file input.cif (mmCIF, C-alpha atoms)
data_entry
#
loop_
_atom_site.group_PDB
_atom_site.id
_atom_site.type_symbol
_atom_site.label_atom_id
_atom_site.label_comp_id
_atom_site.auth_asym_id
_atom_site.auth_seq_id
_atom_site.Cartn_x
_atom_site.Cartn_y
_atom_site.Cartn_z
ATOM 1 C CA MET A 326 10.145 -1.127 -27.176
ATOM 2 C CA ASP A 327 8.833 2.423 -26.945
ATOM 3 C CA LYS A 328 6.810 3.338 -23.877
ATOM 4 C CA PRO A 329 3.120 3.889 -24.657
ATOM 5 C CA ASP A 330 1.711 7.386 -24.300
ATOM 6 C CA SER A 331 -0.950 6.327 -21.799
ATOM 7 C CA VAL A 332 -2.031 3.589 -19.429
ATOM 8 C CA ARG A 333 -5.299 2.887 -17.660
ATOM 9 C CA VAL A 334 -5.062 2.270 -13.919
ATOM 10 C CA ALA A 335 -7.549 1.170 -11.272
ATOM 11 C CA VAL A 336 -7.602 1.992 -7.566
ATOM 12 C CA VAL A 337 -9.820 -0.381 -5.590
ATOM 13 C CA GLN A 338 -11.461 1.003 -2.453
ATOM 14 C CA ALA A 339 -12.523 -2.401 -1.144
ATOM 15 C CA SER A 340 -14.797 -3.187 1.777
ATOM 16 C CA GLY A 341 -12.667 -4.340 4.687
ATOM 17 C CA ALA A 342 -12.313 -7.971 5.701
ATOM 18 C CA PRO A 343 -10.242 -7.771 8.922
ATOM 19 C CA PHE A 344 -9.183 -11.124 10.381
ATOM 20 C CA GLN A 345 -10.699 -12.814 7.301
ATOM 21 C CA ARG A 346 -7.742 -13.677 5.094
ATOM 22 C CA ASP A 347 -9.518 -15.945 2.598
ATOM 23 C CA ALA A 348 -12.384 -13.497 2.081
ATOM 24 C CA ALA A 349 -9.869 -10.716 1.460
ATOM 25 C CA VAL A 350 -7.996 -12.796 -1.116
ATOM 26 C CA ASP A 351 -11.321 -13.576 -2.803
ATOM 27 C CA ALA A 352 -12.013 -9.843 -2.971
ATOM 28 C CA VAL A 353 -8.554 -9.133 -4.439
ATOM 29 C CA CYS A 354 -9.060 -11.716 -7.178
ATOM 30 C CA ALA A 355 -12.573 -10.483 -8.010
ATOM 31 C CA ALA A 356 -11.453 -6.841 -8.112
ATOM 32 C CA THR A 357 -8.524 -7.741 -10.359
ATOM 33 C CA THR A 358 -10.843 -9.391 -12.853
ATOM 34 C CA ASP A 359 -13.277 -6.465 -12.669
ATOM 35 C CA ALA A 360 -10.524 -3.876 -13.187
ATOM 36 C CA ALA A 361 -9.125 -5.748 -16.170
ATOM 37 C CA GLY A 362 -12.608 -5.846 -17.650
ATOM 38 C CA ARG A 363 -12.590 -2.043 -17.489
ATOM 39 C CA GLY A 364 -9.300 -1.952 -19.365
ATOM 40 C CA ALA A 365 -6.909 -1.355 -16.458
ATOM 41 C CA LYS A 366 -3.308 -2.538 -16.752
ATOM 42 C CA LEU A 367 -2.296 -1.590 -13.201
ATOM 43 C CA VAL A 368 -4.486 -2.397 -10.184
ATOM 44 C CA LEU A 369 -3.858 -1.130 -6.630
ATOM 45 C CA LEU A 370 -5.507 -2.298 -3.396
ATOM 46 C CA PRO A 371 -5.119 -0.715 0.070
ATOM 47 C CA GLU A 372 -2.640 -1.010 2.907
ATOM 48 C CA ALA A 373 -2.941 -4.237 4.937
ATOM 49 C CA PHE A 374 -6.027 -5.308 3.013
ATOM 50 C CA VAL A 375 -5.224 -9.022 3.223
ATOM 51 C CA GLY A 376 -5.020 -9.674 6.955
ATOM 52 C CA GLY A 377 -6.718 -6.425 7.834
ATOM 53 C CA TYR A 378 -5.914 -3.071 9.384
ATOM 54 C CA PRO A 379 -7.058 -3.419 13.033
ATOM 55 C CA TRP A 380 -8.666 -0.024 13.659
ATOM 56 C CA GLY A 381 -9.611 0.531 17.282
ATOM 57 C CA LEU A 382 -7.877 -2.480 18.823
ATOM 58 C CA THR A 383 -5.254 -2.269 21.568
ATOM 59 C CA PHE A 384 -4.438 -5.992 21.639
ATOM 60 C CA GLY A 385 -4.801 -5.805 25.409
ATOM 61 C CA THR A 386 -1.683 -3.686 25.751
ATOM 62 C CA THR A 387 -0.870 -0.933 28.208
ATOM 63 C CA VAL A 388 2.527 0.493 29.085
ATOM 64 C CA GLY A 389 4.160 -2.270 31.106
ATOM 65 C CA GLY A 390 1.397 -4.823 30.600
ATOM 66 C CA ARG A 391 -0.299 -7.259 28.225
ATOM 67 C CA SER A 392 -3.459 -9.298 28.658
ATOM 68 C CA GLU A 393 -4.097 -12.913 27.757
ATOM 69 C CA ALA A 394 -7.100 -11.882 25.654
ATOM 70 C CA GLY A 395 -4.882 -9.442 23.767
ATOM 71 C CA ARG A 396 -2.319 -12.152 23.074
ATOM 72 C CA ARG A 397 -5.095 -14.339 21.681
ATOM 73 C CA VAL A 398 -6.254 -11.536 19.384
ATOM 74 C CA TRP A 399 -2.692 -11.104 18.147
ATOM 75 C CA GLU A 400 -2.426 -14.869 17.595
ATOM 76 C CA ARG A 401 -5.611 -14.679 15.543
ATOM 77 C CA TYR A 402 -4.195 -11.736 13.613
ATOM 78 C CA TRP A 403 -0.990 -13.700 12.984
ATOM 79 C CA SER A 404 -3.021 -16.680 11.760
ATOM 80 C CA ASN A 405 -4.752 -14.461 9.197
ATOM 81 C CA ALA A 406 -1.490 -13.034 7.855
ATOM 82 C CA ILE A 407 0.204 -14.608 4.838
ATOM 83 C CA ASP A 408 3.564 -16.126 4.015
ATOM 84 C CA VAL A 409 5.435 -14.721 1.026
ATOM 85 C CA PRO A 410 5.688 -16.900 -0.990
ATOM 86 C CA GLY A 411 2.619 -18.910 -0.072
ATOM 87 C CA PRO A 412 -0.764 -20.150 -1.308
ATOM 88 C CA GLU A 413 -2.474 -16.766 -1.002
ATOM 89 C CA LEU A 414 0.182 -15.159 -3.176
ATOM 90 C CA GLU A 415 -0.272 -17.963 -5.698
ATOM 91 C CA ARG A 416 -4.014 -17.257 -5.878
ATOM 92 C CA MET A 417 -3.494 -13.533 -6.364
ATOM 93 C CA GLY A 418 -0.755 -14.215 -8.898
ATOM 94 C CA SER A 419 -3.074 -16.468 -10.864
ATOM 95 C CA ALA A 420 -5.719 -13.723 -10.901
ATOM 96 C CA ALA A 421 -3.153 -11.179 -12.152
ATOM 97 C CA GLU A 422 -1.975 -13.569 -14.855
ATOM 98 C CA GLN A 423 -5.492 -14.368 -16.056
ATOM 99 C CA ALA A 424 -6.284 -10.642 -16.137
ATOM 100 C CA GLY A 425 -2.940 -9.663 -17.687
ATOM 101 C CA VAL A 426 -2.347 -6.839 -15.195
ATOM 102 C CA HIS A 427 0.216 -5.600 -12.736
ATOM 103 C CA LEU A 428 -1.395 -6.135 -9.328
ATOM 104 C CA CYS A 429 -0.197 -4.267 -6.244
ATOM 105 C CA VAL A 430 -1.831 -5.160 -2.935
ATOM 106 C CA GLY A 431 -1.234 -4.431 0.740
ATOM 107 C CA VAL A 432 -0.934 -7.494 2.973
ATOM 108 C CA VAL A 433 0.024 -8.423 6.506
ATOM 109 C CA GLU A 434 3.082 -10.626 5.994
ATOM 110 C CA ARG A 435 4.483 -13.218 8.371
ATOM 111 C CA ASP A 436 8.259 -13.284 8.653
ATOM 112 C CA SER A 437 8.807 -16.760 7.268
ATOM 113 C CA THR A 438 12.547 -16.155 6.745
ATOM 114 C CA TYR A 439 13.745 -15.817 10.325
ATOM 115 C CA SER A 440 11.703 -16.077 13.510
ATOM 116 C CA GLY A 441 8.192 -16.607 12.168
ATOM 117 C CA GLY A 442 6.917 -14.503 15.056
ATOM 118 C CA THR A 443 7.015 -11.027 13.497
ATOM 119 C CA LEU A 444 4.478 -9.433 11.177
ATOM 120 C CA PHE A 445 5.131 -6.791 8.545
ATOM 121 C CA CYS A 446 2.876 -4.355 6.733
ATOM 122 C CA THR A 447 3.857 -5.164 3.158
ATOM 123 C CA LEU A 448 3.060 -3.993 -0.359
ATOM 124 C CA LEU A 449 3.326 -6.771 -2.967
ATOM 125 C CA TYR A 450 4.118 -6.169 -6.638
ATOM 126 C CA ILE A 451 2.725 -8.971 -8.803
ATOM 127 C CA GLY A 452 3.394 -9.080 -12.536
ATOM 128 C CA PRO A 453 1.045 -9.893 -15.413
ATOM 129 C CA ASP A 454 2.699 -13.310 -15.634
ATOM 130 C CA GLY A 455 1.625 -13.998 -12.045
ATOM 131 C CA SER A 456 5.128 -13.780 -10.582
ATOM 132 C CA LEU A 457 6.154 -11.775 -7.533
ATOM 133 C CA LEU A 458 8.237 -8.901 -8.897
ATOM 134 C CA GLY A 459 9.058 -7.409 -5.502
ATOM 135 C CA LYS A 460 7.730 -6.299 -2.142
ATOM 136 C CA HIS A 461 8.060 -3.333 0.176
ATOM 137 C CA ARG A 462 7.898 -3.692 3.949
ATOM 138 C CA LYS A 463 6.808 -0.584 5.818
ATOM 139 C CA LEU A 464 9.923 1.060 7.246
ATOM 140 C CA LYS A 465 8.289 2.694 10.260
ATOM 141 C CA PRO A 466 4.949 1.573 11.658
ATOM 142 C CA THR A 467 3.079 4.531 13.129
ATOM 143 C CA ALA A 468 2.119 4.883 16.803
ATOM 144 C CA ALA A 469 0.354 1.736 18.100
ATOM 145 C CA GLU A 470 1.094 -0.081 14.830
ATOM 146 C CA ARG A 471 4.485 -0.732 16.425
ATOM 147 C CA LEU A 472 2.767 -3.178 18.795
ATOM 148 C CA ILE A 473 1.879 -5.506 15.937
ATOM 149 C CA TRP A 474 4.272 -4.836 13.034
ATOM 150 C CA GLY A 475 8.031 -4.965 12.739
ATOM 151 C CA GLU A 476 10.160 -2.514 10.746
ATOM 152 C CA GLY A 477 11.280 -3.194 7.208
ATOM 153 C CA ASP A 478 14.774 -2.319 6.008
ATOM 154 C CA GLY A 479 16.165 -0.641 2.924
ATOM 155 C CA SER A 480 16.368 -3.879 0.976
ATOM 156 C CA THR A 481 12.660 -3.571 0.159
ATOM 157 C CA LEU A 482 12.640 0.006 -1.135
ATOM 158 C CA THR A 483 11.230 -1.583 -4.243
ATOM 159 C CA THR A 484 10.515 -0.208 -7.694
ATOM 160 C CA VAL A 485 9.357 -2.206 -10.693
ATOM 161 C CA GLU A 486 10.085 -1.452 -14.329
ATOM 162 C CA THR A 487 7.085 -1.879 -16.608
ATOM 163 C CA GLU A 488 6.340 -1.135 -20.246
ATOM 164 C CA TYR A 489 4.581 2.056 -19.138
ATOM 165 C CA GLY A 490 7.229 3.306 -16.717
ATOM 166 C CA THR A 491 8.614 2.774 -13.236
ATOM 167 C CA ILE A 492 6.165 2.028 -10.446
ATOM 168 C CA GLY A 493 6.941 2.184 -6.733
ATOM 169 C CA GLY A 494 5.849 3.912 -3.575
ATOM 170 C CA LEU A 495 5.481 4.024 0.182
ATOM 171 C CA ILE A 496 2.822 2.958 2.669
ATOM 172 C CA CYS A 497 0.666 5.409 4.619
ATOM 173 C CA TRP A 498 2.679 7.705 6.908
ATOM 174 C CA GLU A 499 5.977 6.658 5.365
ATOM 175 C CA ASN A 500 4.862 9.271 2.868
ATOM 176 C CA TYR A 501 5.474 11.911 5.549
ATOM 177 C CA MET A 502 9.164 10.897 5.633
ATOM 178 C CA PRO A 503 10.978 13.352 3.310
ATOM 179 C CA LEU A 504 14.075 11.202 2.913
ATOM 180 C CA ALA A 505 12.032 8.103 2.096
ATOM 181 C CA ARG A 506 10.177 10.052 -0.586
ATOM 182 C CA MET A 507 13.471 11.332 -1.984
ATOM 183 C CA ALA A 508 14.799 7.778 -2.126
ATOM 184 C CA MET A 509 11.815 6.798 -4.270
ATOM 185 C CA TYR A 510 12.158 9.848 -6.501
ATOM 186 C CA GLY A 511 15.800 8.903 -6.980
ATOM 187 C CA LYS A 512 14.646 5.600 -8.443
ATOM 188 C CA GLY A 513 12.740 7.457 -11.128
ATOM 189 C CA VAL A 514 9.187 6.603 -10.090
ATOM 190 C CA ASP A 515 6.646 7.542 -12.750
ATOM 191 C CA ILE A 516 3.587 6.045 -11.046
ATOM 192 C CA TYR A 517 3.787 6.436 -7.277
ATOM 193 C CA LEU A 518 1.659 4.123 -5.129
ATOM 194 C CA ALA A 519 0.429 5.352 -1.755
ATOM 195 C CA PRO A 520 -1.810 2.716 -0.140
ATOM 196 C CA THR A 521 -2.972 3.914 3.261
ATOM 197 C CA ALA A 522 -5.283 3.537 6.240
ATOM 198 C CA ASP A 523 -5.588 7.317 6.676
ATOM 199 C CA GLY A 524 -9.144 8.331 5.827
ATOM 200 C CA ARG A 525 -8.895 11.996 6.821
ATOM 201 C CA GLU A 526 -9.652 14.676 4.263
ATOM 202 C CA ARG A 527 -6.272 16.288 4.957
ATOM 203 C CA TRP A 528 -4.558 13.187 3.494
ATOM 204 C CA GLN A 529 -5.532 14.507 0.073
ATOM 205 C CA ALA A 530 -3.034 17.335 0.547
ATOM 206 C CA THR A 531 -0.278 14.760 1.046
ATOM 207 C CA LEU A 532 -1.176 12.890 -2.137
ATOM 208 C CA GLN A 533 -1.308 16.125 -4.115
ATOM 209 C CA HIS A 534 1.983 17.334 -2.658
ATOM 210 C CA ILE A 535 3.774 14.101 -3.629
ATOM 211 C CA ALA A 536 2.462 14.442 -7.184
ATOM 212 C CA LEU A 537 3.771 18.001 -7.389
ATOM 213 C CA GLU A 538 7.063 17.256 -5.627
ATOM 214 C CA GLY A 539 7.870 14.067 -7.494
ATOM 215 C CA ARG A 540 6.330 15.153 -10.806
ATOM 216 C CA CYS A 541 4.682 11.759 -10.969
ATOM 217 C CA PHE A 542 1.239 10.218 -10.999
ATOM 218 C CA VAL A 543 0.049 9.313 -7.494
ATOM 219 C CA LEU A 544 -2.428 6.545 -6.735
ATOM 220 C CA GLY A 545 -3.875 6.840 -3.230
ATOM 221 C CA CYS A 546 -5.845 3.820 -2.029
ATOM 222 C CA ASN A 547 -7.749 3.172 1.204
ATOM 223 C CA GLN A 548 -10.388 0.746 2.461
ATOM 224 C CA TYR A 549 -14.000 1.401 3.376
ATOM 225 C CA VAL A 550 -14.487 -0.203 6.800
ATOM 226 C CA HIS A 551 -17.147 -0.150 9.500
ATOM 227 C CA ARG A 552 -17.307 -1.980 12.817
ATOM 228 C CA ASP A 553 -19.641 -4.729 11.621
ATOM 229 C CA MET A 554 -16.905 -5.970 9.291
ATOM 230 C CA PHE A 555 -14.932 -7.265 12.304
ATOM 231 C CA PRO A 556 -15.734 -10.806 13.508
ATOM 232 C CA ASP A 557 -18.482 -10.917 16.146
ATOM 233 C CA ASP A 558 -16.492 -13.366 18.280
ATOM 234 C CA LEU A 559 -13.287 -11.317 18.385
ATOM 235 C CA GLU A 560 -11.856 -11.695 21.890
ATOM 236 C CA THR A 561 -11.620 -7.950 22.582
ATOM 237 C CA ARG A 562 -14.387 -6.707 20.303
ATOM 238 C CA GLU A 563 -15.670 -4.414 23.038
ATOM 239 C CA GLU A 564 -12.690 -2.159 22.304
ATOM 240 C CA LEU A 565 -14.400 -1.160 19.056
ATOM 241 C CA GLU A 566 -17.448 0.242 20.819
ATOM 242 C CA ALA A 567 -15.624 3.466 21.656
ATOM 243 C CA TRP A 568 -15.005 4.085 17.954
ATOM 244 C CA PRO A 569 -17.363 5.493 15.298
ATOM 245 C CA GLU A 570 -19.443 3.053 13.286
ATOM 246 C CA VAL A 571 -17.451 3.964 10.170
ATOM 247 C CA LEU A 572 -13.816 3.238 11.001
ATOM 248 C CA SER A 573 -12.424 4.221 7.612
ATOM 249 C CA PRO A 574 -14.442 6.361 5.168
ATOM 250 C CA GLY A 575 -11.932 5.775 2.342
ATOM 251 C CA GLY A 576 -10.661 8.762 0.395
ATOM 252 C CA SER A 577 -8.990 6.917 -2.490
ATOM 253 C CA ALA A 578 -7.888 9.273 -5.268
ATOM 254 C CA ILE A 579 -5.621 9.637 -8.295
ATOM 255 C CA TYR A 580 -3.506 12.740 -8.994
ATOM 256 C CA GLY A 581 -1.463 13.867 -11.983
ATOM 257 C CA PRO A 582 2.122 15.188 -12.026
ATOM 258 C CA LEU A 583 0.985 18.821 -11.792
ATOM 259 C CA GLY A 584 -1.233 18.066 -8.818
ATOM 260 C CA ASP A 585 -4.411 17.815 -10.872
ATOM 261 C CA ARG A 586 -7.057 15.463 -9.511
ATOM 262 C CA LEU A 587 -7.865 12.770 -12.052
ATOM 263 C CA ALA A 588 -10.297 10.675 -10.008
ATOM 264 C CA GLY A 589 -11.874 10.739 -6.568
ATOM 265 C CA PRO A 590 -11.656 11.125 -3.729
ATOM 266 C CA LEU A 591 -14.193 8.384 -3.033
ATOM 267 C CA TRP A 592 -15.882 8.621 0.375
ATOM 268 C CA ARG A 593 -18.053 6.379 2.551
ATOM 269 C CA GLU A 594 -18.528 3.548 0.096
ATOM 270 C CA ALA A 595 -16.662 0.746 -1.565
ATOM 271 C CA GLY A 596 -15.852 1.246 -5.215
ATOM 272 C CA MET A 597 -13.234 1.500 -7.931
ATOM 273 C CA LEU A 598 -11.583 4.525 -9.496
ATOM 274 C CA VAL A 599 -10.340 4.190 -13.072
ATOM 275 C CA ALA A 600 -8.226 6.763 -14.870
ATOM 276 C CA ASP A 601 -6.214 7.032 -18.071
ATOM 277 C CA LEU A 602 -2.759 8.427 -17.301
ATOM 278 C CA ASP A 603 -1.172 10.601 -19.985
ATOM 279 C CA LEU A 604 2.412 9.464 -19.523
ATOM 280 C CA THR A 605 3.744 12.243 -21.761
ATOM 281 C CA ALA A 606 2.668 14.710 -19.071
ATOM 282 C CA ILE A 607 5.526 13.558 -16.817
ATOM 283 C CA THR A 608 8.202 15.038 -19.061
ATOM 284 C CA ARG A 609 6.298 18.315 -19.502
ATOM 285 C CA SER A 610 5.818 18.653 -15.757
ATOM 286 C CA LYS A 611 9.576 18.517 -15.149
ATOM 287 C CA PHE A 612 10.240 21.580 -17.295
ATOM 288 C CA ASP A 613 9.838 23.864 -14.296
ATOM 289 C CA PHE A 614 10.668 21.461 -11.461
ATOM 290 C CA ASP A 615 12.719 18.249 -11.375
ATOM 291 C CA VAL A 616 13.334 17.048 -7.811
ATOM 292 C CA THR A 617 16.294 14.811 -8.703
ATOM 293 C CA GLY A 618 17.476 16.947 -11.635
ATOM 294 C CA HIS A 619 17.902 20.696 -11.956
ATOM 295 C CA TYR A 620 16.261 21.314 -8.547
ATOM 296 C CA ALA A 621 18.373 18.767 -6.650
ATOM 297 C CA ARG A 622 21.441 20.935 -5.876
ATOM 298 C CA SER A 623 23.651 17.877 -5.389
ATOM 299 C CA ASP A 624 26.569 20.205 -4.650
ATOM 300 C CA VAL A 625 24.788 21.148 -1.413
ATOM 301 C CA PHE A 626 22.605 18.149 -0.534
ATOM 302 C CA THR A 627 23.235 14.407 -0.755
ATOM 303 C CA LEU A 628 21.251 11.405 0.450
ATOM 304 C CA ALA A 629 22.819 8.019 1.198
ATOM 305 C CA VAL A 630 20.414 5.061 1.274
ATOM 306 C CA ASP A 631 21.340 1.692 2.771
ATOM 307 C CA GLU A 632 19.515 -0.903 0.674
ATOM 308 C CA SER A 633 21.141 -3.940 2.239
ATOM 309 C CA ALA A 634 19.180 -6.563 4.147
ATOM 310 C CA HIS A 635 19.864 -6.462 7.879
ATOM 311 C CA ARG A 636 19.920 -9.994 9.274
ATOM 312 C CA PRO A 637 19.518 -10.660 13.002
ATOM 313 C CA VAL A 638 22.191 -13.365 12.988
ATOM 314 C CA ARG A 639 25.215 -13.207 10.688
#

call {"tool": "encode", "arguments": {"input": "input.cif", "output": "C-alpha cells"}}
result
Amino acid sequence: MDKPDSVRVAVVQASGAPFQRDAAVDAVCAATTDAAGRGAKLVLLPEAFVGGYPWGLTFGTTVGGRSEAGRRVWERYWSNAIDVPGPELERMGSAAEQAGVHLCVGVVERDSTYSGGTLFCTLLYIGPDGSLLGKHRKLKPTAAERLIWGEGDGSTLTTVETEYGTIGGLICWENYMPLARMAMYGKGVDIYLAPTADGRERWQATLQHIALEGRCFVLGCNQYVHRDMFPDDLETREELEAWPEVLSPGGSAIYGPLGDRLAGPLWREAGMLVADLDLTAITRSKFDFDVTGHYARSDVFTLAVDESAHRPVR
C-alpha cells in the first residue's frame, strides 16, 4: 500500500497529575478521543505523564543519606507507576482502538520482569488496534532523576512502522546524546517523538536542530504543571515551596524537516497542538542533506549499537 502524502498529528500538553495514576490515565483517554475528533492519526503525550514527573522533590536524599519520609514518598511514587502489560495499558489501548489512532505516551514503568523494585521512564507505542507495539526506556536519566529511575538498554531503541512512515524517538535529554540520535536516524525515523520535562525556551533550539539534522518531523511534548497539582498530603511537600508556582510552563511544538515551525510552542497553559504533516517534504529535504546517506561518510565514521537485552542474571 502506498504511503499517504500527509498525516494529521496531535501533541497534547496536558495538565500534570503527579502521584495520581488513575487521573492521568483518564486524561490520556480523554485526550485521545479529543485528538481523534480533530482528525489526528498520531497522538503524543509528555514524558512521565502517567505516574508524574516529580519536579522539585529530593525524596529525602543527600549524598550518603536517605530519610524515612523520602522512602515513603518513593514508595508512593512506585505505587502510582504502572506495570507493562497491566490494566492501565489496557485502558489506554482501548481508547486508542476506539479512536483508531497511534497513541504514544510517557509513563513511569515498574520493572515487573525482574526485581519489581526499579522504575523506568518509558515511552509506550500503542497501535490503532489497541495493542502495545513497543516501548522505549530512557537510556540515561538526567541528574537527580538517577535517584528514582533505572537505565534502559539498547533493546528498547524502538521504532514503529506505520502506514504514514516510521515513528520513533528519544526522551528529554537523551536528545542531547549525538550517538543516540544517530541510532534513531539509522532506523529511518520519519516522525521523531521528543517527549520531555524541559520547559526552557532554549529547548526549542534542540527540537529544531533534530528536525534539520534528521530531516524528519519532530513532535516535542511537555506538560503544564504547577505546585497545586501535587497532592496536599505528600510526605515531603515542603520541598516544593522553594520552587516557582509554575513548575513546567510547557513549550510543546511541532517542527518540519527543514526546521520550519508548524505549531507552537505552547506556553503556560494546557492545550493541544494539531498539524498536518506533508510527508512528501521529507524526501525533498534530503536533497541537500541526508544524515545516514550522502552526508554519512561511512568510510570515516561508523556507529555500533548493542540492541540486546542485558539481564541481571543469566

call {"tool": "closest_residue", "arguments": {"input": "input.cif", "among": "A:Leu444, A:Cys497, A:Val432, A:Ala634", "to": "Leu472 of chain A", "atoms": "only C-alpha atoms"}}
result
A:Leu444

call {"tool": "residues_around", "arguments": {"input": "input.cif", "residues": "segment 371-384 of chain A", "least_positions_apart": "3", "cutoff": "6 Å", "atoms": "all atoms listed in the file", "output": "PyMOL selection string"}}
result
chain A and resi 343-344+346+349+395+405-406+431-433+520-521+546-548+564-565

call {"tool": "closest_residue", "arguments": {"input": "input.cif", "among": "A:Ala621, A:Val388, A:Val630, A:Leu448", "to": "Ala505 of chain A", "atoms": "all atoms listed in the file"}}
result
A:Val630

call {"tool": "resolve_selection", "arguments": {"input": "input.cif", "expression": "the PyMOL selection byres ((chain A and resi 452) around 9)", "output": "list in words"}}
result
Gly418, Ala421, Glu422, Gly425, Val426, His427, Leu428, Cys429, Tyr450, Ile451, Pro453, Asp454, Gly455, Ser456, Leu457 and Leu458 of chain A

call {"tool": "residues_around", "arguments": {"input": "input.cif", "residues": "segment 354-358 of chain A", "least_positions_apart": "4", "cutoff": "6 Å", "atoms": "only C-alpha atoms", "output": "VMD selection string"}}
result
chain A and resid 417 420 424

call {"tool": "decode", "arguments": {"input": "input.cif", "residues": "segment 558-591 of chain A", "atoms": "C-alpha atoms", "output": "PDB file, in the first residue's frame"}}
result
ATOM      1  CA  ASP A 558      -0.648  15.296  51.877  1.00  0.00           C
ATOM      2  CA  LEU A 559       2.623  14.425  50.137  1.00  0.00           C
ATOM      3  CA  GLU A 560       5.106  13.498  52.867  1.00  0.00           C
ATOM      4  CA  THR A 561       7.784  15.985  51.769  1.00  0.00           C
ATOM      5  CA  ARG A 562       5.587  18.591  50.104  1.00  0.00           C
ATOM      6  CA  GLU A 563       7.508  21.373  51.822  1.00  0.00           C
ATOM      7  CA  GLU A 564      10.326  20.719  49.344  1.00  0.00           C
ATOM      8  CA  LEU A 565       8.158  22.301  46.647  1.00  0.00           C
ATOM      9  CA  GLU A 566       7.949  25.633  48.442  1.00  0.00           C
ATOM     10  CA  ALA A 567      11.403  26.637  47.225  1.00  0.00           C
ATOM     11  CA  TRP A 568      10.256  26.241  43.619  1.00  0.00           C
ATOM     12  CA  PRO A 569       8.219  28.630  41.441  1.00  0.00           C
ATOM     13  CA  GLU A 570       4.455  28.229  41.393  1.00  0.00           C
ATOM     14  CA  VAL A 571       4.647  27.112  37.757  1.00  0.00           C
ATOM     15  CA  LEU A 572       6.950  24.092  37.709  1.00  0.00           C
ATOM     16  CA  SER A 573       6.664  23.425  33.985  1.00  0.00           C
ATOM     17  CA  PRO A 574       5.376  26.098  31.571  1.00  0.00           C
ATOM     18  CA  GLY A 575       5.175  23.605  28.677  1.00  0.00           C
ATOM     19  CA  GLY A 576       6.714  24.556  25.353  1.00  0.00           C
ATOM     20  CA  SER A 577       5.222  21.791  23.199  1.00  0.00           C
ATOM     21  CA  ALA A 578       5.862  22.342  19.488  1.00  0.00           C
ATOM     22  CA  ILE A 579       5.955  20.659  16.083  1.00  0.00           C
ATOM     23  CA  TYR A 580       8.735  21.214  13.523  1.00  0.00           C
ATOM     24  CA  GLY A 581       9.150  20.222   9.887  1.00  0.00           C
ATOM     25  CA  PRO A 582      12.162  18.561   8.225  1.00  0.00           C
ATOM     26  CA  LEU A 583      13.671  21.907   7.188  1.00  0.00           C
ATOM     27  CA  GLY A 584      13.355  23.279  10.703  1.00  0.00           C
ATOM     28  CA  ASP A 585      10.146  25.172   9.996  1.00  0.00           C
ATOM     29  CA  ARG A 586       7.805  25.584  12.951  1.00  0.00           C
ATOM     30  CA  LEU A 587       4.427  24.043  12.187  1.00  0.00           C
ATOM     31  CA  ALA A 588       2.720  24.549  15.551  1.00  0.00           C
ATOM     32  CA  GLY A 589       3.524  26.076  18.920  1.00  0.00           C
ATOM     33  CA  PRO A 590       5.342  26.477  21.109  1.00  0.00           C
ATOM     34  CA  LEU A 591       2.503  26.474  23.633  1.00  0.00           C
TER      35      LEU A 591
END
